[in-house]
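Below is start.cif, which holds mmCIF, C-alpha atoms.
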data_entry
#
loop_
_atom_site.group_PDB
_atom_site.id
_atom_site.type_symbol
_atom_site.label_atom_id
_atom_site.label_comp_id
_atom_site.auth_asym_id
_atom_site.auth_seq_id
_atom_site.Cartn_x
_atom_site.Cartn_y
_atom_site.Cartn_z
ATOM 1 C CA MET U 1 103.608 293.038 86.846
ATOM 2 C CA GLU U 2 104.607 289.573 85.676
ATOM 3 C CA LEU U 3 106.091 286.595 87.480
ATOM 4 C CA ARG U 4 109.009 286.824 85.060
ATOM 5 C CA GLN U 5 109.830 290.306 86.348
ATOM 6 C CA LEU U 6 109.698 289.047 89.922
ATOM 7 C CA ARG U 7 112.123 286.241 89.063
ATOM 8 C CA TYR U 8 114.487 288.767 87.453
ATOM 9 C CA PHE U 9 114.325 291.038 90.470
ATOM 10 C CA VAL U 10 114.960 288.194 92.927
ATOM 11 C CA ALA U 11 117.993 287.170 90.871
ATOM 12 C CA VAL U 12 119.568 290.632 90.949
ATOM 13 C CA ALA U 13 118.630 291.120 94.624
ATOM 14 C CA GLU U 14 120.501 287.925 95.516
ATOM 15 C CA GLU U 15 123.439 288.359 93.135
ATOM 16 C CA LEU U 16 123.776 292.148 93.591
ATOM 17 C CA HIS U 17 125.249 292.154 90.109
ATOM 18 C CA PHE U 18 123.315 292.675 86.876
ATOM 19 C CA GLY U 19 125.608 290.575 84.720
ATOM 20 C CA ARG U 20 125.548 287.532 87.004
ATOM 21 C CA ALA U 21 121.794 287.899 87.556
ATOM 22 C CA ALA U 22 121.150 288.047 83.804
ATOM 23 C CA ARG U 23 123.210 284.920 83.223
ATOM 24 C CA ARG U 24 121.376 283.146 86.059
ATOM 25 C CA VAL U 25 117.996 283.650 84.381
ATOM 26 C CA HIS U 26 119.399 283.030 80.882
ATOM 27 C CA ILE U 27 118.792 286.454 79.358
ATOM 28 C CA ALA U 28 121.126 289.089 77.873
ATOM 29 C CA GLN U 29 121.985 291.933 80.218
ATOM 30 C CA PRO U 30 120.462 294.869 78.264
ATOM 31 C CA PRO U 31 116.891 293.452 78.144
ATOM 32 C CA PHE U 32 117.355 292.227 81.709
ATOM 33 C CA SER U 33 118.152 295.758 82.873
ATOM 34 C CA GLN U 34 115.166 297.088 80.928
ATOM 35 C CA GLN U 35 112.860 294.636 82.698
ATOM 36 C CA ILE U 36 114.088 295.780 86.131
ATOM 37 C CA LYS U 37 113.708 299.425 85.140
ATOM 38 C CA GLY U 38 110.190 298.745 83.841
ATOM 39 C CA LEU U 39 109.299 297.032 87.119
ATOM 40 C CA GLU U 40 110.428 300.029 89.148
ATOM 41 C CA GLU U 41 108.452 302.370 86.925
ATOM 42 C CA GLU U 42 105.340 300.231 87.178
ATOM 43 C CA ILE U 43 105.285 300.118 90.974
ATOM 44 C CA GLY U 44 106.535 303.707 91.335
ATOM 45 C CA ALA U 45 109.447 302.987 93.646
ATOM 46 C CA LYS U 46 113.210 302.675 93.362
ATOM 47 C CA LEU U 47 114.182 299.156 94.378
ATOM 48 C CA LEU U 48 117.923 299.220 93.679
ATOM 49 C CA GLU U 49 120.766 301.644 94.167
ATOM 50 C CA ARG U 50 123.315 300.977 91.472
ATOM 51 C CA ASN U 51 126.473 302.469 90.090
ATOM 52 C CA SER U 52 129.357 301.183 88.005
ATOM 53 C CA ARG U 53 130.800 299.251 90.956
ATOM 54 C CA ASN U 54 127.975 297.794 93.026
ATOM 55 C CA VAL U 55 124.272 297.225 93.440
ATOM 56 C CA GLN U 56 122.373 297.621 96.715
ATOM 57 C CA LEU U 57 118.758 297.149 97.722
ATOM 58 C CA THR U 58 116.809 300.175 98.909
ATOM 59 C CA ALA U 59 114.512 299.858 101.910
ATOM 60 C CA GLU U 60 111.617 299.427 99.469
ATOM 61 C CA GLY U 61 113.682 296.884 97.560
ATOM 62 C CA GLN U 62 114.330 294.812 100.677
ATOM 63 C CA TYR U 63 110.613 294.648 101.454
ATOM 64 C CA PHE U 64 109.757 293.912 97.823
ATOM 65 C CA TYR U 65 112.356 291.134 97.714
ATOM 66 C CA GLY U 66 110.753 289.287 100.645
ATOM 67 C CA GLN U 67 107.318 289.557 99.098
ATOM 68 C CA ALA U 68 108.565 288.517 95.651
ATOM 69 C CA VAL U 69 110.199 285.359 97.056
ATOM 70 C CA SER U 70 106.919 284.471 98.811
ATOM 71 C CA ILE U 71 104.813 285.102 95.687
ATOM 72 C CA LEU U 72 107.092 283.002 93.497
ATOM 73 C CA ALA U 73 107.073 280.141 95.989
ATOM 74 C CA GLN U 74 103.289 280.251 96.203
ATOM 75 C CA ALA U 75 102.989 280.342 92.419
ATOM 76 C CA GLN U 76 105.163 277.233 92.204
ATOM 77 C CA VAL U 77 103.013 275.429 94.785
ATOM 78 C CA VAL U 78 99.854 276.358 92.875
ATOM 79 C CA ALA U 79 101.328 275.167 89.573
ATOM 80 C CA LEU U 80 102.461 271.859 91.060
ATOM 81 C CA THR U 81 99.100 271.322 92.768
ATOM 82 C CA VAL U 82 97.163 271.988 89.571
ATOM 83 C CA ALA U 83 99.453 269.649 87.661
ATOM 84 C CA ARG U 84 98.848 266.919 90.247
ATOM 85 C CA MET U 85 95.108 267.571 90.133
ATOM 86 C CA ALA U 86 95.225 267.120 86.348
ATOM 87 C CA LYS U 87 96.828 263.732 86.957
ATOM 88 C CA GLY U 88 94.304 262.833 89.668
ATOM 89 C CA GLU U 89 97.000 262.914 92.363
ATOM 90 C CA SER U 90 95.581 265.831 94.354
ATOM 91 C CA GLY U 91 92.264 267.515 95.054
ATOM 92 C CA CYS U 92 89.076 266.632 96.909
ATOM 93 C CA VAL U 93 86.300 264.094 96.368
ATOM 94 C CA ASN U 94 82.951 264.703 98.073
ATOM 95 C CA VAL U 95 81.288 261.359 98.736
ATOM 96 C CA GLY U 96 77.822 260.442 99.955
ATOM 97 C CA PHE U 97 76.884 257.043 101.351
ATOM 98 C CA MET U 98 73.935 255.171 102.795
ATOM 99 C CA GLU U 99 74.427 252.948 105.813
ATOM 100 C CA VAL U 100 74.057 249.886 103.606
ATOM 101 C CA ALA U 101 77.262 250.990 101.851
ATOM 102 C CA MET U 102 79.130 250.539 105.125
ATOM 103 C CA ASP U 103 77.831 246.948 105.124
ATOM 104 C CA SER U 104 79.909 246.309 102.009
ATOM 105 C CA PRO U 105 83.632 246.496 101.120
ATOM 106 C CA LEU U 106 83.326 250.294 100.664
ATOM 107 C CA PRO U 107 85.204 251.263 103.870
ATOM 108 C CA GLU U 108 88.164 249.104 102.835
ATOM 109 C CA ALA U 109 87.986 250.450 99.266
ATOM 110 C CA ILE U 110 88.172 254.056 100.502
ATOM 111 C CA ARG U 111 91.005 253.181 102.854
ATOM 112 C CA GLY U 112 92.933 251.609 99.968
ATOM 113 C CA PHE U 113 92.416 254.712 97.822
ATOM 114 C CA ARG U 114 93.569 257.040 100.599
ATOM 115 C CA HIS U 115 96.677 254.917 101.074
ATOM 116 C CA SER U 116 97.545 255.080 97.368
ATOM 117 C CA SER U 117 96.526 258.757 96.959
ATOM 118 C CA PRO U 118 97.375 260.454 100.264
ATOM 119 C CA ASP U 119 97.117 263.965 98.819
ATOM 120 C CA VAL U 120 93.491 263.529 97.778
ATOM 121 C CA SER U 121 91.014 264.583 100.456
ATOM 122 C CA VAL U 122 87.948 262.331 100.704
ATOM 123 C CA GLN U 123 85.030 264.084 102.424
ATOM 124 C CA ILE U 124 82.191 261.688 103.250
ATOM 125 C CA SER U 125 78.599 262.374 104.327
ATOM 126 C CA GLN U 126 75.931 259.874 105.386
ATOM 127 C CA LEU U 127 72.760 260.638 103.443
ATOM 128 C CA GLY U 128 69.638 258.832 102.308
ATOM 129 C CA GLY U 129 69.377 257.727 98.719
ATOM 130 C CA SER U 130 67.093 260.531 97.496
ATOM 131 C CA ALA U 131 69.188 263.193 99.234
ATOM 132 C CA GLN U 132 72.336 261.802 97.634
ATOM 133 C CA LEU U 133 70.893 261.910 94.139
ATOM 134 C CA ALA U 134 69.752 265.505 94.620
ATOM 135 C CA LYS U 135 73.169 266.609 95.872
ATOM 136 C CA ILE U 136 74.998 264.780 93.073
ATOM 137 C CA ARG U 137 72.758 266.507 90.560
ATOM 138 C CA SER U 138 73.416 269.922 92.145
ATOM 139 C CA GLY U 139 77.173 269.332 92.312
ATOM 140 C CA GLU U 140 77.396 269.273 96.117
ATOM 141 C CA LEU U 141 78.514 265.635 95.898
ATOM 142 C CA ASP U 142 80.882 264.172 93.329
ATOM 143 C CA VAL U 143 79.878 260.555 93.812
ATOM 144 C CA GLY U 144 77.390 258.624 95.909
ATOM 145 C CA PHE U 145 77.004 255.054 97.106
ATOM 146 C CA SER U 146 73.347 254.262 97.216
ATOM 147 C CA THR U 147 70.412 252.357 95.884
ATOM 148 C CA VAL U 148 69.067 254.020 92.734
ATOM 149 C CA PHE U 149 65.599 255.029 91.588
ATOM 150 C CA LEU U 150 64.159 254.036 88.243
ATOM 151 C CA HIS U 151 62.474 257.421 87.921
ATOM 152 C CA GLY U 152 65.109 259.561 89.617
ATOM 153 C CA MET U 153 68.225 259.056 87.501
ATOM 154 C CA ASP U 154 67.852 261.818 84.900
ATOM 155 C CA GLY U 155 71.288 263.252 84.217
ATOM 156 C CA LEU U 156 72.967 260.662 86.427
ATOM 157 C CA ALA U 157 74.970 257.526 85.695
ATOM 158 C CA SER U 158 75.551 254.483 87.861
ATOM 159 C CA ILE U 159 77.163 251.092 88.063
ATOM 160 C CA ARG U 160 76.197 248.290 90.422
ATOM 161 C CA LEU U 161 79.019 247.387 92.778
ATOM 162 C CA PHE U 162 77.449 244.973 95.168
ATOM 163 C CA SER U 163 74.414 242.715 95.477
ATOM 164 C CA LYS U 164 73.357 240.617 98.460
ATOM 165 C CA LYS U 165 70.426 238.357 99.084
ATOM 166 C CA HIS U 166 68.110 239.314 101.909
ATOM 167 C CA ALA U 167 67.482 237.069 104.873
ATOM 168 C CA ILE U 168 64.819 237.274 107.553
ATOM 169 C CA ALA U 169 66.243 238.581 110.817
ATOM 170 C CA VAL U 170 64.509 237.464 114.011
ATOM 171 C CA PRO U 171 65.366 237.572 117.729
ATOM 172 C CA ASP U 172 67.227 234.515 118.968
ATOM 173 C CA ASP U 173 64.267 233.522 121.143
ATOM 174 C CA HIS U 174 61.716 233.845 118.334
ATOM 175 C CA LYS U 175 59.660 230.801 117.344
ATOM 176 C CA PHE U 176 61.308 230.878 113.875
ATOM 177 C CA ALA U 177 64.879 231.091 115.168
ATOM 178 C CA ARG U 178 65.639 227.394 114.521
ATOM 179 C CA GLU U 179 64.024 227.216 111.082
ATOM 180 C CA LYS U 180 66.273 226.370 108.110
ATOM 181 C CA SER U 181 64.349 228.723 105.800
ATOM 182 C CA LEU U 182 61.122 230.741 105.747
ATOM 183 C CA SER U 183 58.560 231.783 103.160
ATOM 184 C CA LEU U 184 56.669 235.073 103.033
ATOM 185 C CA GLU U 185 53.521 233.153 104.033
ATOM 186 C CA ASP U 186 55.325 232.063 107.213
ATOM 187 C CA ILE U 187 55.914 235.657 108.313
ATOM 188 C CA ALA U 188 52.707 237.245 107.008
ATOM 189 C CA ASP U 189 51.292 237.653 110.537
ATOM 190 C CA GLU U 190 54.548 238.872 112.102
ATOM 191 C CA LYS U 191 55.242 242.481 113.050
ATOM 192 C CA LEU U 192 57.581 243.750 110.358
ATOM 193 C CA ILE U 193 60.196 246.468 110.799
ATOM 194 C CA LEU U 194 60.836 248.222 107.491
ATOM 195 C CA PHE U 195 62.698 251.280 106.287
ATOM 196 C CA PRO U 196 60.716 254.373 105.158
ATOM 197 C CA ARG U 197 59.762 254.358 101.494
ATOM 198 C CA SER U 198 61.217 257.866 101.039
ATOM 199 C CA GLY U 199 64.733 256.532 101.534
ATOM 200 C CA GLN U 200 64.679 253.648 99.035
ATOM 201 C CA PRO U 201 61.389 253.766 97.100
ATOM 202 C CA ASP U 202 62.275 251.160 94.473
ATOM 203 C CA LEU U 203 63.453 248.570 97.014
ATOM 204 C CA HIS U 204 60.524 249.331 99.317
ATOM 205 C CA ASP U 205 58.043 248.873 96.456
ATOM 206 C CA SER U 206 59.761 245.667 95.344
ATOM 207 C CA ILE U 207 59.417 244.174 98.823
ATOM 208 C CA ILE U 208 55.732 245.072 99.012
ATOM 209 C CA LYS U 209 55.269 243.646 95.511
ATOM 210 C CA ALA U 210 56.866 240.343 96.596
ATOM 211 C CA PHE U 211 54.159 240.056 99.272
ATOM 212 C CA SER U 212 51.427 241.106 96.833
ATOM 213 C CA LYS U 213 52.376 238.332 94.411
ATOM 214 C CA LYS U 214 51.536 235.929 97.221
ATOM 215 C CA ARG U 215 48.291 237.844 97.936
ATOM 216 C CA LEU U 216 49.724 238.940 101.251
ATOM 217 C CA VAL U 217 49.785 242.305 103.015
ATOM 218 C CA PRO U 218 52.736 242.739 105.415
ATOM 219 C CA ILE U 219 52.070 244.112 108.901
ATOM 220 C CA ILE U 220 54.513 247.022 109.124
ATOM 221 C CA SER U 221 54.693 247.908 112.816
ATOM 222 C CA GLN U 222 57.815 250.090 112.805
ATOM 223 C CA GLU U 223 59.766 252.135 110.310
ATOM 224 C CA VAL U 224 63.429 252.840 110.913
ATOM 225 C CA ALA U 225 66.121 254.159 108.602
ATOM 226 C CA GLY U 226 69.381 252.234 108.626
ATOM 227 C CA LEU U 227 70.423 248.642 109.132
ATOM 228 C CA SER U 228 71.907 249.138 112.588
ATOM 229 C CA GLY U 229 68.687 250.726 113.872
ATOM 230 C CA ALA U 230 66.633 247.846 112.512
ATOM 231 C CA ALA U 231 69.035 245.333 114.036
ATOM 232 C CA ALA U 232 68.731 247.032 117.431
ATOM 233 C CA LEU U 233 64.927 246.835 117.339
ATOM 234 C CA ILE U 234 65.015 243.161 116.403
ATOM 235 C CA ALA U 235 67.444 242.313 119.193
ATOM 236 C CA SER U 236 65.082 244.026 121.635
ATOM 237 C CA GLY U 237 62.161 241.886 120.434
ATOM 238 C CA MET U 238 60.249 244.641 118.616
ATOM 239 C CA GLY U 239 59.636 242.597 115.468
ATOM 240 C CA ILE U 240 61.400 241.019 112.501
ATOM 241 C CA THR U 241 62.909 242.497 109.354
ATOM 242 C CA PHE U 242 64.927 241.813 106.224
ATOM 243 C CA LEU U 243 68.682 242.253 106.372
ATOM 244 C CA PRO U 244 71.384 241.405 103.837
ATOM 245 C CA ASP U 245 72.766 237.954 104.536
ATOM 246 C CA SER U 246 76.273 237.914 106.033
ATOM 247 C CA SER U 247 75.552 241.462 107.216
ATOM 248 C CA ARG U 248 78.198 243.185 109.306
ATOM 249 C CA VAL U 249 75.573 244.910 111.450
ATOM 250 C CA ILE U 250 74.266 241.669 112.935
ATOM 251 C CA ARG U 251 74.520 241.904 116.688
ATOM 252 C CA GLU U 252 74.179 239.380 119.490
ATOM 253 C CA GLY U 253 70.605 238.222 119.911
ATOM 254 C CA ILE U 254 69.715 238.053 116.184
ATOM 255 C CA THR U 255 69.353 235.044 113.894
ATOM 256 C CA LEU U 256 69.316 235.293 110.095
ATOM 257 C CA ILE U 257 67.134 232.808 108.216
ATOM 258 C CA PRO U 258 67.198 232.323 104.402
ATOM 259 C CA ILE U 259 64.083 233.248 102.382
ATOM 260 C CA ARG U 260 62.649 230.468 100.220
ATOM 261 C CA ASP U 261 60.680 232.781 97.938
ATOM 262 C CA GLU U 262 61.870 235.028 95.139
ATOM 263 C CA PHE U 263 62.791 238.270 96.884
ATOM 264 C CA PRO U 264 64.552 241.548 95.977
ATOM 265 C CA THR U 265 68.277 241.794 96.580
ATOM 266 C CA MET U 266 70.087 244.578 98.397
ATOM 267 C CA ASP U 267 72.044 246.341 95.644
ATOM 268 C CA LEU U 268 74.660 249.042 96.061
ATOM 269 C CA PHE U 269 75.400 251.420 93.189
ATOM 270 C CA MET U 270 78.085 254.010 92.612
ATOM 271 C CA VAL U 271 76.315 257.090 91.236
ATOM 272 C CA TRP U 272 77.677 260.232 89.584
ATOM 273 C CA LYS U 273 76.573 263.089 87.363
ATOM 274 C CA ARG U 274 76.873 262.555 83.629
ATOM 275 C CA GLY U 275 79.421 264.774 81.901
ATOM 276 C CA ASP U 276 83.025 265.710 82.478
ATOM 277 C CA LEU U 277 84.620 264.325 85.620
ATOM 278 C CA SER U 278 87.856 265.584 87.117
ATOM 279 C CA ASN U 279 90.771 263.190 86.961
ATOM 280 C CA THR U 280 90.712 263.142 90.747
ATOM 281 C CA ASN U 281 87.114 261.916 90.743
ATOM 282 C CA LYS U 282 87.867 259.409 87.998
ATOM 283 C CA GLY U 283 90.829 258.043 89.933
ATOM 284 C CA PHE U 284 88.717 257.626 93.059
ATOM 285 C CA MET U 285 85.866 255.914 91.213
ATOM 286 C CA GLU U 286 88.160 253.566 89.306
ATOM 287 C CA SER U 287 89.995 252.621 92.493
ATOM 288 C CA VAL U 288 86.743 251.824 94.336
ATOM 289 C CA ALA U 289 85.290 249.885 91.398
ATOM 290 C CA ASP U 290 88.480 247.847 91.070
ATOM 291 C CA TYR U 291 88.390 247.012 94.767
ATOM 292 C CA PHE U 292 84.792 245.814 94.559
ATOM 293 C CA LEU U 293 85.602 243.738 91.483
ATOM 294 C CA LYS U 294 88.390 241.949 93.347
ATOM 295 C CA CYS U 295 86.139 241.391 96.355
ATOM 296 C CA THR U 296 83.364 240.013 94.158
ATOM 297 C CA SER U 297 85.777 237.525 92.589
ATOM 298 C CA PHE U 298 86.914 236.480 96.035
ATOM 299 C CA PHE U 299 83.340 236.057 97.332
ATOM 300 C CA ASP U 300 82.484 233.983 94.249
ATOM 301 C CA GLU U 301 85.451 231.707 94.866
ATOM 302 C CA ILE U 302 84.531 231.038 98.482
ATOM 303 C CA GLY U 303 80.820 230.677 97.695
ATOM 304 C CA GLU U 304 79.476 233.654 99.611
#

How does the structure come out when it is put into structure tokens?
Amino acid sequence: MELRQLRYFVAVAEELHFGRAARRVHIAQPPFSQQIKGLEEEIGAKLLERNSRNVQLTAEGQYFYGQAVSILAQAQVVALTVARMAKGESGCVNVGFMEVAMDSPLPEAIRGFRHSSPDVSVQISQLGGSAQLAKIRSGELDVGFSTVFLHGMDGLASIRLFSKKHAIAVPDDHKFAREKSLSLEDIADEKLILFPRSGQPDLHDSIIKAFSKKRLVPIISQEVAGLSGAAALIASGMGITFLPDSSRVIREGITLIPIRDEFPTMDLFMVWKRGDLSNTNKGFMESVADYFLKCTSFFDEIGE
């Protein structure tokens, strides 16, 4: 059974006249009649009662007509959806993000994409960096927003979207709260709150290396994943940490102080699996990258 046969049958069922139905679907009447006859033979049921004067639907024909109309409508929806997917106008993008990504223009970038592409579903999941890379590699995620790992990028591609200097975050009542800047020597004896190495190994190692260059060993008293968790501990007086300057997660009770020494930056990358990407994924990635590029230009102009 072919969709063409269903279209022919729907035409004759609605016209109740073979000649008019044949003209409606732009086919000569003899082959049109043969197609209807072949359809009846294939399904093993008489769908039409016809004589020289009129055509009527049988009970089977009435049921078949309703189903044929539904099938043809669904086929049209499928065809249109696939065509829109090929243009990147429909489909789904599975996105992973670390909390640091929410401390960047990413939320606004996704909102802008959803506004311009309302028929694309964006499914987001908060995951650590290593978990994101694994899921991108397995195909569970289409794109991630994360730090990257020098030794964990096999088969993956990335571009850096965002880079921020770190500052030292201390409670407002801390002895360093009124300092204009601090060195790593200044904080060497302070209780440091740091994220687990498993989440961002390269950044973690770079921070430890910055201390080592000064022949210092940081006192890591707490480990907490996520900027907001670290900020909460600082505000409660549990220690100090490094946060991106101009961070959105800064809460009342925290002061950010610039670092005088050379220190790793907080970098955000867009990561995806090498190989063919759907047009939907490409459209999403291009839209986000464009948004970040505009934001970067703006930040440069205002000196942030």

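Among the candidates U:Ile207, U:Ala83, U:Leu16, U:Leu3, the residue lying nearest to Thr58 in chain U is U:Leu16 (atoms considered: all atoms listed in the file).
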
Near range 285-293 of chain U, 10 Å: range 136-245 of chain U residue rows, closest pairs, only C-alpha atoms, as a Markdown table:
| residue | atom | partner | partner_atom | distance |
| --- | --- | --- | --- | --- |
| U:Asp142 | CA | U:Met285 | CA | 9.9 |
| U:Val143 | CA | U:Met285 | CA | 8.0 |
| U:Ile159 | CA | U:Ala289 | CA | 8.9 |
| U:Arg160 | CA | U:Ala289 | CA | 9.3 |
| U:Leu161 | CA | U:Phe292 | CA | 6.2 |
| U:Phe162 | CA | U:Phe292 | CA | 7.4 |

Using CA of Asp202 in chain U and CA of Pro264 in chain U as the two end points, give the distance in Å to one decimal. 10.0 Å

Determine, counting all atoms listed in the file, which protein, DNA and RNA residues have an atom within 7 Å of an atom of Pro244 in chain U; residues of the same chain fewer than 5 positions away are not included. Present the result as a ChimeraX atom specification. /U:164-167,266

Quick check on the file I pasted: which residues fall under the PyMOL selection byres ((chain U and resi 73-79) around 12)? Write them as a PyMOL selection string. chain U and resi 2-4+6-7+10+66-72+80-86+90-91

So how far away is CA of Ala134 in chain U from CA of Val120 in chain U, in Å? 24.0 Å

Long-range neighbours of Met238 in chain U as a VMD selection string, 10 Å cut-off, only C-alpha atoms, 4 positions minimum in chain: chain U and resid 170 to 171 191 to 193 221 to 222 230 to 234

From the list U:Arg20, U:Lys214, U:Gly129, U:Leu47, the nearest residue to Ala59 in chain U using only C-alpha atoms is U:Leu47

Which residues, written as an MDAnalysis selection string, have at least one atom at most 10 Å from Glu99 in chain U, with all atoms listed in the file counted and residues fewer than 5 positions away on the same chain left out? chainID U and resid 104 126:129 145:146 225:228 249

Okay, now the selection with C-alpha atoms, as a compact mmCIF listing (two decimals), keeping the file's coordinate frame?
# COMPACT_ATOMS: atom_id res chain seq x y z
CA SER U 104 79.91 246.31 102.01
CA GLN U 126 75.93 259.87 105.39
CA LEU U 127 72.76 260.64 103.44
CA GLY U 128 69.64 258.83 102.31
CA GLY U 129 69.38 257.73 98.72
CA PHE U 145 77.00 255.05 97.11
CA SER U 146 73.35 254.26 97.22
CA ALA U 225 66.12 254.16 108.60
CA GLY U 226 69.38 252.23 108.63
CA LEU U 227 70.42 248.64 109.13
CA SER U 228 71.91 249.14 112.59
CA VAL U 249 75.57 244.91 111.45

Expansion of the PyMOL selection byres ((chain U and resi 92) around 10) into residues, as a ChimeraX atom specification: /U:85,88-91,93-95,119-123,142,278,280-281,284

Any idea what the distance is between CA of Glu179 in chain U and CA of Ser236 in chain U? 19.9 Å

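When the PyMOL selection byres ((chain U and resi 25) around 8) is evaluated on the file shown here, the picked residues come out as Arg7, Tyr8, Ala11, Ala21, Ala22, Arg23, Arg24, His26 and Ile27 of chain U.
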